[in-house]
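Chemist: So I've got this file, coords.pdb, and it contains PDB, C-alpha atoms and all ligand atoms:
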```
ATOM      1  CA  MET A 528     100.073 117.678 107.584  1.00  0.00           C
ATOM      2  CA  SER A 529     100.153 116.524 104.024  1.00  0.00           C
ATOM      3  CA  GLY A 530     102.880 118.017 101.893  1.00  0.00           C
ATOM      4  CA  GLN A 531     102.641 119.001  98.255  1.00  0.00           C
ATOM      5  CA  GLY A 532     102.846 116.153  95.821  1.00  0.00           C
ATOM      6  CA  GLY A 533     101.238 113.756  98.296  1.00  0.00           C
ATOM      7  CA  LEU A 534     104.305 113.651 100.523  1.00  0.00           C
ATOM      8  CA  PRO A 535     103.240 113.777 104.165  1.00  0.00           C
ATOM      9  CA  LEU A 536     105.924 115.828 105.840  1.00  0.00           C
ATOM     10  CA  GLU A 537     105.292 117.523 109.162  1.00  0.00           C
ATOM     11  CA  ALA A 538     105.855 121.287 109.121  1.00  0.00           C
ATOM     12  CA  GLY A 539     109.214 122.183 110.580  1.00  0.00           C
ATOM     13  CA  SER A 540     108.145 125.681 111.680  1.00  0.00           C
ATOM     14  CA  GLY A 541     111.795 126.664 111.877  1.00  0.00           C
ATOM     15  CA  ARG A 542     112.821 123.709 114.052  1.00  0.00           C
ATOM     16  CA  ARG A 543     116.309 122.338 113.571  1.00  0.00           C
ATOM     17  CA  ALA A 544     116.888 118.962 111.947  1.00  0.00           C
ATOM     18  CA  VAL A 545     119.972 117.067 110.881  1.00  0.00           C
ATOM     19  CA  VAL A 546     119.734 115.807 107.283  1.00  0.00           C
ATOM     20  CA  LEU A 547     122.036 113.085 105.955  1.00  0.00           C
ATOM     21  CA  LEU A 548     123.251 114.259 102.547  1.00  0.00           C
ATOM     22  CA  SER A 549     125.254 111.883 100.350  1.00  0.00           C
ATOM     23  CA  GLY A 550     125.179 113.959  97.191  1.00  0.00           C
ATOM     24  CA  GLY A 551     122.820 111.514  95.483  1.00  0.00           C
ATOM     25  CA  LEU A 552     119.317 112.184  94.178  1.00  0.00           C
ATOM     26  CA  ASP A 553     117.441 110.687  97.151  1.00  0.00           C
ATOM     27  CA  SER A 554     119.231 112.593  99.903  1.00  0.00           C
ATOM     28  CA  ALA A 555     119.133 115.826  97.882  1.00  0.00           C
ATOM     29  CA  THR A 556     115.373 115.393  97.468  1.00  0.00           C
ATOM     30  CA  THR A 557     115.008 114.723 101.196  1.00  0.00           C
ATOM     31  CA  LEU A 558     116.914 117.906 102.012  1.00  0.00           C
ATOM     32  CA  ALA A 559     114.912 119.983  99.529  1.00  0.00           C
ATOM     33  CA  ALA A 560     111.585 118.624 100.808  1.00  0.00           C
ATOM     34  CA  ALA A 561     112.563 119.277 104.433  1.00  0.00           C
ATOM     35  CA  VAL A 562     113.670 122.841 103.683  1.00  0.00           C
ATOM     36  CA  ARG A 563     110.401 123.416 101.819  1.00  0.00           C
ATOM     37  CA  ALA A 564     108.439 122.119 104.813  1.00  0.00           C
ATOM     38  CA  GLY A 565     110.088 124.748 106.993  1.00  0.00           C
ATOM     39  CA  TRP A 566     112.845 122.807 108.748  1.00  0.00           C
ATOM     40  CA  ALA A 567     116.168 124.501 109.522  1.00  0.00           C
ATOM     41  CA  CYS A 568     118.354 121.814 107.970  1.00  0.00           C
ATOM     42  CA  TYR A 569     121.843 120.946 109.161  1.00  0.00           C
ATOM     43  CA  ALA A 570     123.247 118.776 106.392  1.00  0.00           C
ATOM     44  CA  LEU A 571     125.754 116.065 107.214  1.00  0.00           C
ATOM     45  CA  SER A 572     127.972 114.208 104.728  1.00  0.00           C
ATOM     46  CA  PHE A 573     130.682 111.605 105.148  1.00  0.00           C
ATOM     47  CA  ASP A 574     133.979 111.244 103.421  1.00  0.00           C
ATOM     48  CA  TYR A 575     134.148 107.556 104.312  1.00  0.00           C
ATOM     49  CA  GLY A 576     136.654 106.269 101.801  1.00  0.00           C
ATOM     50  CA  GLN A 577     133.992 105.646  99.160  1.00  0.00           C
ATOM     51  CA  ARG A 578     135.130 105.099  95.597  1.00  0.00           C
ATOM     52  CA  HIS A 579     132.667 107.719  94.383  1.00  0.00           C
ATOM     53  CA  GLY A 580     134.336 110.514  96.383  1.00  0.00           C
ATOM     54  CA  VAL A 581     133.167 113.091  93.853  1.00  0.00           C
ATOM     55  CA  GLU A 582     129.780 112.894  95.570  1.00  0.00           C
ATOM     56  CA  ILE A 583     131.220 114.922  98.476  1.00  0.00           C
ATOM     57  CA  GLU A 584     131.723 117.868  96.125  1.00  0.00           C
ATOM     58  CA  ALA A 585     128.169 117.386  94.886  1.00  0.00           C
ATOM     59  CA  ALA A 586     126.957 117.387  98.500  1.00  0.00           C
ATOM     60  CA  ARG A 587     128.726 120.693  99.197  1.00  0.00           C
ATOM     61  CA  ARG A 588     127.088 122.344  96.207  1.00  0.00           C
ATOM     62  CA  LEU A 589     123.663 120.850  96.991  1.00  0.00           C
ATOM     63  CA  ALA A 590     123.741 121.948 100.644  1.00  0.00           C
ATOM     64  CA  SER A 591     124.333 125.492  99.498  1.00  0.00           C
ATOM     65  CA  ALA A 592     121.931 125.444  96.536  1.00  0.00           C
ATOM     66  CA  LEU A 593     119.060 123.858  98.472  1.00  0.00           C
ATOM     67  CA  GLY A 594     119.272 126.185 101.469  1.00  0.00           C
ATOM     68  CA  ALA A 595     120.821 124.133 104.280  1.00  0.00           C
ATOM     69  CA  ALA A 596     121.491 126.217 107.399  1.00  0.00           C
ATOM     70  CA  ALA A 597     124.902 124.550 107.719  1.00  0.00           C
ATOM     71  CA  HIS A 598     126.845 121.649 106.222  1.00  0.00           C
ATOM     72  CA  ARG A 599     129.505 119.468 107.797  1.00  0.00           C
ATOM     73  CA  VAL A 600     131.627 116.815 106.117  1.00  0.00           C
ATOM     74  CA  VAL A 601     132.936 114.226 108.565  1.00  0.00           C
ATOM     75  CA  ARG A 602     135.953 112.119 107.630  1.00  0.00           C
ATOM     76  CA  LEU A 603     135.395 108.580 108.739  1.00  0.00           C
ATOM     77  CA  ASP A 604     137.423 105.989 106.912  1.00  0.00           C
ATOM     78  CA  LEU A 605     135.305 102.855 106.489  1.00  0.00           C
ATOM     79  CA  ALA A 606     137.847 101.672 103.904  1.00  0.00           C
ATOM     80  CA  VAL A 607     139.954 100.599 106.918  1.00  0.00           C
ATOM     81  CA  PHE A 608     137.510  97.679 107.157  1.00  0.00           C
ATOM     82  CA  GLY A 609     136.622  97.355 103.457  1.00  0.00           C
ATOM     83  CA  GLY A 610     134.129  94.566 102.884  1.00  0.00           C
ATOM     84  CA  SER A 611     132.172  96.452 100.217  1.00  0.00           C
ATOM     85  CA  ALA A 612     132.591  97.264  96.555  1.00  0.00           C
ATOM     86  CA  LEU A 613     132.251 100.921  97.552  1.00  0.00           C
ATOM     87  CA  THR A 614     135.166 100.905 100.000  1.00  0.00           C
ATOM     88  CA  ASP A 615     137.487  98.189  98.635  1.00  0.00           C
ATOM     89  CA  PRO A 616     138.962  98.776  95.163  1.00  0.00           C
ATOM     90  CA  ALA A 617     139.578  95.013  94.876  1.00  0.00           C
ATOM     91  CA  ILE A 618     135.806  94.336  94.853  1.00  0.00           C
ATOM     92  CA  ALA A 619     134.242  95.328  91.530  1.00  0.00           C
ATOM     93  CA  VAL A 620     130.940  97.205  91.318  1.00  0.00           C
ATOM     94  CA  PRO A 621     128.424  94.809  89.691  1.00  0.00           C
ATOM     95  CA  GLU A 622     127.193  95.960  86.292  1.00  0.00           C
ATOM     96  CA  THR A 623     124.347  93.487  85.927  1.00  0.00           C
ATOM     97  CA  PRO A 624     121.449  92.771  88.307  1.00  0.00           C
ATOM     98  CA  GLY A 625     122.233  90.137  90.958  1.00  0.00           C
ATOM     99  CA  GLU A 626     120.517  88.196  93.739  1.00  0.00           C
ATOM    100  CA  GLY A 627     120.413  88.930  97.473  1.00  0.00           C
ATOM    101  CA  ILE A 628     122.221  91.731  99.290  1.00  0.00           C
ATOM    102  CA  PRO A 629     124.707  93.169  96.768  1.00  0.00           C
ATOM    103  CA  VAL A 630     128.434  93.715  97.358  1.00  0.00           C
ATOM    104  CA  THR A 631     127.748  97.462  97.215  1.00  0.00           C
ATOM    105  CA  TYR A 632     126.217  97.131 100.690  1.00  0.00           C
ATOM    106  CA  VAL A 633     128.587  98.916 103.107  1.00  0.00           C
ATOM    107  CA  PRO A 634     128.584  97.071 106.447  1.00  0.00           C
ATOM    108  CA  ALA A 635     126.527  98.981 109.039  1.00  0.00           C
ATOM    109  CA  ARG A 636     126.822 102.217 107.054  1.00  0.00           C
ATOM    110  CA  ASN A 637     123.471 103.747 107.973  1.00  0.00           C
ATOM    111  CA  THR A 638     123.975 102.821 111.637  1.00  0.00           C
ATOM    112  CA  VAL A 639     127.328 104.605 111.630  1.00  0.00           C
ATOM    113  CA  PHE A 640     125.908 107.629 109.784  1.00  0.00           C
ATOM    114  CA  LEU A 641     122.750 107.894 111.885  1.00  0.00           C
ATOM    115  CA  SER A 642     124.828 107.633 115.068  1.00  0.00           C
ATOM    116  CA  MET A 643     126.936 110.595 113.958  1.00  0.00           C
ATOM    117  CA  ALA A 644     123.765 112.493 112.990  1.00  0.00           C
ATOM    118  CA  LEU A 645     122.366 111.751 116.448  1.00  0.00           C
ATOM    119  CA  ALA A 646     125.487 113.151 118.107  1.00  0.00           C
ATOM    120  CA  TRP A 647     125.237 116.359 116.078  1.00  0.00           C
ATOM    121  CA  ALA A 648     121.486 116.599 116.698  1.00  0.00           C
ATOM    122  CA  GLU A 649     122.033 116.497 120.465  1.00  0.00           C
ATOM    123  CA  THR A 650     124.590 119.288 120.345  1.00  0.00           C
ATOM    124  CA  LEU A 651     122.245 121.373 118.155  1.00  0.00           C
ATOM    125  CA  ASP A 652     119.256 120.652 120.407  1.00  0.00           C
ATOM    126  CA  ALA A 653     117.588 119.184 117.317  1.00  0.00           C
ATOM    127  CA  HIS A 654     115.212 116.274 117.783  1.00  0.00           C
ATOM    128  CA  ASP A 655     114.723 115.231 114.188  1.00  0.00           C
ATOM    129  CA  ILE A 656     117.002 113.411 111.771  1.00  0.00           C
ATOM    130  CA  PHE A 657     116.128 113.080 108.084  1.00  0.00           C
ATOM    131  CA  ILE A 658     117.481 110.245 105.958  1.00  0.00           C
ATOM    132  CA  GLY A 659     116.750 109.544 102.277  1.00  0.00           C
ATOM    133  CA  ALA A 660     116.386 105.798 102.813  1.00  0.00           C
ATOM    134  CA  ASN A 661     114.005 104.086 100.416  1.00  0.00           C
ATOM    135  CA  ALA A 662     112.567 100.605 100.677  1.00  0.00           C
ATOM    136  CA  VAL A 663     110.718 100.299  97.358  1.00  0.00           C
ATOM    137  CA  ASP A 664     113.016 100.585  94.350  1.00  0.00           C
ATOM    138  CA  TYR A 665     116.185  99.934  96.272  1.00  0.00           C
ATOM    139  CA  SER A 666     119.127  97.602  96.263  1.00  0.00           C
ATOM    140  CA  GLY A 667     118.094  95.304  99.106  1.00  0.00           C
ATOM    141  CA  TYR A 668     120.120  96.966 101.861  1.00  0.00           C
ATOM    142  CA  PRO A 669     118.995  95.826 105.318  1.00  0.00           C
ATOM    143  CA  ASP A 670     119.628  99.265 106.835  1.00  0.00           C
ATOM    144  CA  CYS A 671     117.063 100.971 104.585  1.00  0.00           C
ATOM    145  CA  ARG A 672     114.066  99.044 105.920  1.00  0.00           C
ATOM    146  CA  PRO A 673     111.332 100.791 107.947  1.00  0.00           C
ATOM    147  CA  ASP A 674     111.770  98.238 110.770  1.00  0.00           C
ATOM    148  CA  TYR A 675     115.432  99.126 111.017  1.00  0.00           C
ATOM    149  CA  LEU A 676     114.697 102.868 111.092  1.00  0.00           C
ATOM    150  CA  ALA A 677     112.073 102.374 113.823  1.00  0.00           C
ATOM    151  CA  ALA A 678     114.560 100.336 115.857  1.00  0.00           C
ATOM    152  CA  PHE A 679     117.212 103.032 115.512  1.00  0.00           C
ATOM    153  CA  GLU A 680     114.701 105.634 116.655  1.00  0.00           C
ATOM    154  CA  ALA A 681     113.853 103.537 119.734  1.00  0.00           C
ATOM    155  CA  MET A 682     117.563 103.199 120.497  1.00  0.00           C
ATOM    156  CA  ALA A 683     118.113 106.945 120.040  1.00  0.00           C
ATOM    157  CA  ASN A 684     115.477 107.735 122.634  1.00  0.00           C
ATOM    158  CA  LEU A 685     117.174 105.417 125.135  1.00  0.00           C
ATOM    159  CA  ALA A 686     120.676 106.620 124.310  1.00  0.00           C
ATOM    160  CA  THR A 687     120.443 110.397 124.588  1.00  0.00           C
ATOM    161  CA  ARG A 688     119.962 113.096 127.180  1.00  0.00           C
ATOM    162  CA  ALA A 689     117.207 114.576 125.004  1.00  0.00           C
ATOM    163  CA  GLY A 690     115.377 111.236 124.997  1.00  0.00           C
ATOM    164  CA  VAL A 691     115.650 110.795 128.772  1.00  0.00           C
ATOM    165  CA  GLU A 692     114.537 114.367 129.444  1.00  0.00           C
ATOM    166  CA  GLY A 693     111.378 113.880 127.408  1.00  0.00           C
ATOM    167  CA  SER A 694     112.185 115.346 123.986  1.00  0.00           C
ATOM    168  CA  ARG A 695     111.348 112.611 121.545  1.00  0.00           C
ATOM    169  CA  ILE A 696     113.984 111.973 118.867  1.00  0.00           C
ATOM    170  CA  ARG A 697     112.485 111.148 115.479  1.00  0.00           C
ATOM    171  CA  ILE A 698     114.082 109.452 112.505  1.00  0.00           C
ATOM    172  CA  ARG A 699     112.271 110.782 109.466  1.00  0.00           C
ATOM    173  CA  ALA A 700     112.532 108.945 106.154  1.00  0.00           C
ATOM    174  CA  PRO A 701     110.064 110.765 103.889  1.00  0.00           C
ATOM    175  CA  LEU A 702     111.035 108.759 100.796  1.00  0.00           C
ATOM    176  CA  VAL A 703     110.877 105.336 102.395  1.00  0.00           C
ATOM    177  CA  ASP A 704     107.611 104.265 100.741  1.00  0.00           C
ATOM    178  CA  LEU A 705     108.046 106.088  97.423  1.00  0.00           C
ATOM    179  CA  ALA A 706     108.810 104.441  94.101  1.00  0.00           C
ATOM    180  CA  LYS A 707     111.839 105.837  92.270  1.00  0.00           C
ATOM    181  CA  ALA A 708     109.557 107.589  89.786  1.00  0.00           C
ATOM    182  CA  GLU A 709     107.808 109.381  92.650  1.00  0.00           C
ATOM    183  CA  ILE A 710     111.175 110.458  94.047  1.00  0.00           C
ATOM    184  CA  VAL A 711     112.150 111.828  90.630  1.00  0.00           C
ATOM    185  CA  ARG A 712     108.904 113.815  90.425  1.00  0.00           C
ATOM    186  CA  LEU A 713     109.341 115.123  93.968  1.00  0.00           C
ATOM    187  CA  ALA A 714     112.931 116.121  93.222  1.00  0.00           C
ATOM    188  CA  ILE A 715     111.861 118.233  90.244  1.00  0.00           C
ATOM    189  CA  GLU A 716     108.940 119.702  92.194  1.00  0.00           C
ATOM    190  CA  CYS A 717     111.278 120.717  95.066  1.00  0.00           C
ATOM    191  CA  GLY A 718     113.757 122.384  92.725  1.00  0.00           C
ATOM    192  CA  VAL A 719     116.504 119.759  92.730  1.00  0.00           C
ATOM    193  CA  ASP A 720     118.508 119.764  89.496  1.00  0.00           C
ATOM    194  CA  PRO A 721     119.206 116.036  88.969  1.00  0.00           C
ATOM    195  CA  ALA A 722     122.283 116.871  86.892  1.00  0.00           C
ATOM    196  CA  THR A 723     123.954 118.242  90.045  1.00  0.00           C
ATOM    197  CA  THR A 724     123.463 115.012  92.014  1.00  0.00           C
ATOM    198  CA  VAL A 725     125.726 111.961  91.877  1.00  0.00           C
ATOM    199  CA  SER A 726     124.075 108.570  92.447  1.00  0.00           C
ATOM    200  CA  CYS A 727     126.484 106.328  90.547  1.00  0.00           C
ATOM    201  CA  TYR A 728     128.563 103.855  92.573  1.00  0.00           C
ATOM    202  CA  GLN A 729     131.528 104.438  90.299  1.00  0.00           C
ATOM    203  CA  ALA A 730     131.096 107.967  89.009  1.00  0.00           C
ATOM    204  CA  ASP A 731     134.079 109.442  87.193  1.00  0.00           C
ATOM    205  CA  ALA A 732     136.072 112.410  88.492  1.00  0.00           C
ATOM    206  CA  ALA A 733     133.606 114.774  86.813  1.00  0.00           C
ATOM    207  CA  GLY A 734     130.682 113.153  88.660  1.00  0.00           C
ATOM    208  CA  ARG A 735     129.318 111.461  85.539  1.00  0.00           C
ATOM    209  CA  GLY A 736     127.444 108.182  85.961  1.00  0.00           C
ATOM    210  CA  CYS A 737     128.522 104.834  84.474  1.00  0.00           C
ATOM    211  CA  GLY A 738     124.962 104.050  83.365  1.00  0.00           C
ATOM    212  CA  VAL A 739     125.248 100.345  84.209  1.00  0.00           C
ATOM    213  CA  CYS A 740     125.590  99.962  88.014  1.00  0.00           C
ATOM    214  CA  ASP A 741     122.549  99.155  90.147  1.00  0.00           C
ATOM    215  CA  SER A 742     122.207 102.751  91.302  1.00  0.00           C
ATOM    216  CA  CYS A 743     122.391 104.165  87.753  1.00  0.00           C
ATOM    217  CA  ARG A 744     119.883 101.612  86.474  1.00  0.00           C
ATOM    218  CA  LEU A 745     117.342 102.280  89.275  1.00  0.00           C
ATOM    219  CA  ARG A 746     117.692 105.999  88.782  1.00  0.00           C
ATOM    220  CA  ALA A 747     117.333 105.852  84.990  1.00  0.00           C
ATOM    221  CA  ARG A 748     114.218 103.705  85.303  1.00  0.00           C
ATOM    222  CA  GLY A 749     112.795 106.279  87.721  1.00  0.00           C
ATOM    223  CA  PHE A 750     112.970 108.967  85.036  1.00  0.00           C
ATOM    224  CA  VAL A 751     111.415 106.676  82.429  1.00  0.00           C
ATOM    225  CA  ASP A 752     108.588 105.658  84.791  1.00  0.00           C
ATOM    226  CA  ALA A 753     108.022 109.307  85.763  1.00  0.00           C
ATOM    227  CA  GLY A 754     107.841 110.288  82.080  1.00  0.00           C
ATOM    228  CA  LEU A 755     110.439 112.986  82.643  1.00  0.00           C
ATOM    229  CA  PRO A 756     113.610 113.721  80.654  1.00  0.00           C
ATOM    230  CA  ASP A 757     116.694 112.252  82.324  1.00  0.00           C
ATOM    231  CA  THR A 758     119.222 115.068  82.656  1.00  0.00           C
ATOM    232  CA  THR A 759     121.719 112.847  84.482  1.00  0.00           C
ATOM    233  CA  ARG A 760     125.245 113.255  83.144  1.00  0.00           C
ATOM    234  CA  TYR A 761     126.724 109.959  81.929  1.00  0.00           C
ATOM    235  CA  ALA A 762     130.311 109.200  81.002  1.00  0.00           C
ATOM    236  CA  PRO A 763     130.688 108.631  77.244  1.00  0.00           C
TER     237      PRO A 763
HETATM  238 ZN    ZN B   1     126.709 103.872  87.826  1.00  0.00          ZN
END
```
Rewrite the coordinates I just gave you, this time as structure tokens.
Modeler:
Amino acid sequence: MSGQGGLPLEAGSGRRAVVLLSGGLDSATTLAAAVRAGWACYALSFDYGQRHGVEIEAARRLASALGAAAHRVVRLDLAVFGGSALTDPAIAVPETPGEGIPVTYVPARNTVFLSMALAWAETLDAHDIFIGANAVDYSGYPDCRPDYLAAFEAMANLATRAGVEGSRIRIRAPLVDLAKAEIVRLAIECGVDPATTVSCYQADAAGRGCGVCDSCRLRARGFVDAGLPDTTRYAP
């Protein structure tokens, strides 16, 4: 089926799905779109030692406001390994555009998160996992690419009882081909209040964005390109 706003999203018809929810605009939009399409959404967030921990509080509020059937926050300390500006306080968040894969890439993060989502999906007898990955206006993360998501889906069908017994597991990334402006429009259309989401890599304790990191810049440009007022809260 074709969803409203040109987003093709299969009708959930009450089926259960696990939805990765970071507290940012993209994952909130994914959750809202999935709920609107009739999926019973089990939202999953990770307290992984990220420097923008305030996003967990945003995720809790969003799960409730957007109608998730349940929400779990898993503690999983990726800061034990570090290796990213998001998990190692000694690595600064870049405030100007750079080349290549940025230091805000968290090693294997989406593989870790999707694996946990897969485990929860099996226990829920859910066969669908939603992720807000985007491959258009994004930061160059290898684990946001469609090829990666297809490979994870293939693995999931080999790895699980559901897959072996003939229930196909699907990784659904409804935003993957959308430009940031399209995501902004979809967010508004689905009833997401952008001011309640936290995208910034170094948001302050109140959840306000820095305005200069890669994530803030991509997001701000999305509002400009969409021709919509940016209600994001920025630190003074
Ligand atoms: Zn920022």
Chemist: Apply the PyMOL selection byres (((chain A and resi 656) around 8) and not hetatm) to the structure shown and report the selected residues as a ChimeraX atom specification.
Modeler: /A:544-547,641,644-645,648,654-655,657-658,696-699
Chemist: Within 12 Å of region 667-673 of chain A, counting all atoms listed in the file, which residues qualify if same-chain residues fewer than 4 places away don't, as a PyMOL selection string?
Modeler: chain A and resi 624-641+658-663+677-680+698-704+741-742
Chemist: Kindly extract all protein, DNA and RNA residues lying within 12 Å of the coordinates (121.2, 109.5, 90.1) given in the file, considering all atoms listed in the file, and supply them as a ChimeraX atom specification.
Modeler: /A:549-556,582,585,707-708,710-711,714,719-730,734-750,757-761
Chemist: Considering only C-alpha atoms and all ligand atoms, state which residue in the set A:Glu584, A:Asp574, A:Asp731, A:Asp752 is at the smallest distance from ligand ZN 1 (chain B).
Modeler: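 Ranked by minimum distance to ligand ZN 1 (chain B), first place goes to A:Asp731.
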Chemist: I want to know what sits within 7 Å of region 588-598 of chain A, based on only C-alpha atoms, with residues of the same chain fewer than 4 positions away left out; could you give that as number ranges by chain?
Modeler: A: 555, 559, 562, 567-571, 584
Chemist: I'd like the interatomic distance between CA of Pro621 (chain A) and CA of Phe608 (chain A), to a tenth of an Å.
Modeler: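 CA of Pro621 (chain A) sits 19.9 Å away from CA of Phe608 (chain A).
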Chemist: Which residue is closest to ligand ZN 1 (chain B)? Choose from A:Glu622, A:Glu649, A:Asp615, A:Glu537 and count all atoms listed in the file.
Modeler: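 Of the candidates, the smallest distance to ligand ZN 1 (chain B) is held by A:Glu622.
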Chemist: Between CA of Ala732 (chain A) and CA of Ala612 (chain A), what is the spacing in Å?
Modeler: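 Result for CA of Ala612 (chain A) versus CA of Ala732 (chain A): 17.5 Å, one decimal.
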Chemist: For CA of Arg578 (chain A) and CA of Leu613 (chain A), quote the distance in Å rounded to one decimal.
Modeler: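 Taking CA of Arg578 (chain A) as the start and CA of Leu613 (chain A) as the end point, the length is 5.4 Å.
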Chemist: Could you list the residues chosen by the PyMOL selection byres (((chain A and resi 565) around 7) and not hetatm) in this structure as a list of chain:residue names?
Modeler: A:Ala538, A:Gly539, A:Ser540, A:Gly541, A:Ala561, A:Val562, A:Arg563, A:Ala564, A:Trp566, A:Ala567
Chemist: Quick one: of A:Ile583, A:Cys717, A:Ala762, A:Ala653, who's nearest to ligand ZN 1 (chain B), counting all atoms listed in the file?
Modeler: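 Nearest to ligand ZN 1 (chain B): A:Ala762.
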Chemist: From the list A:Val620, A:Leu676, A:Leu685, A:Met643, which residue is nearest ligand ZN 1 (chain B) when using only C-alpha atoms and all ligand atoms?
Modeler: A:Val620
Chemist: Take every atom of region 706-712 of chain A listed in the file, pad by 4 Å on each side, and give me the axis-aligned box centre and edge lengths in Å, one decimal, as lines of an AutoDock Vina configuration file.
Modeler:
```
center_x = 110.0
center_y = 109.1
center_z = 91.9
size_x = 12.3
size_y = 17.4
size_z = 12.3
```
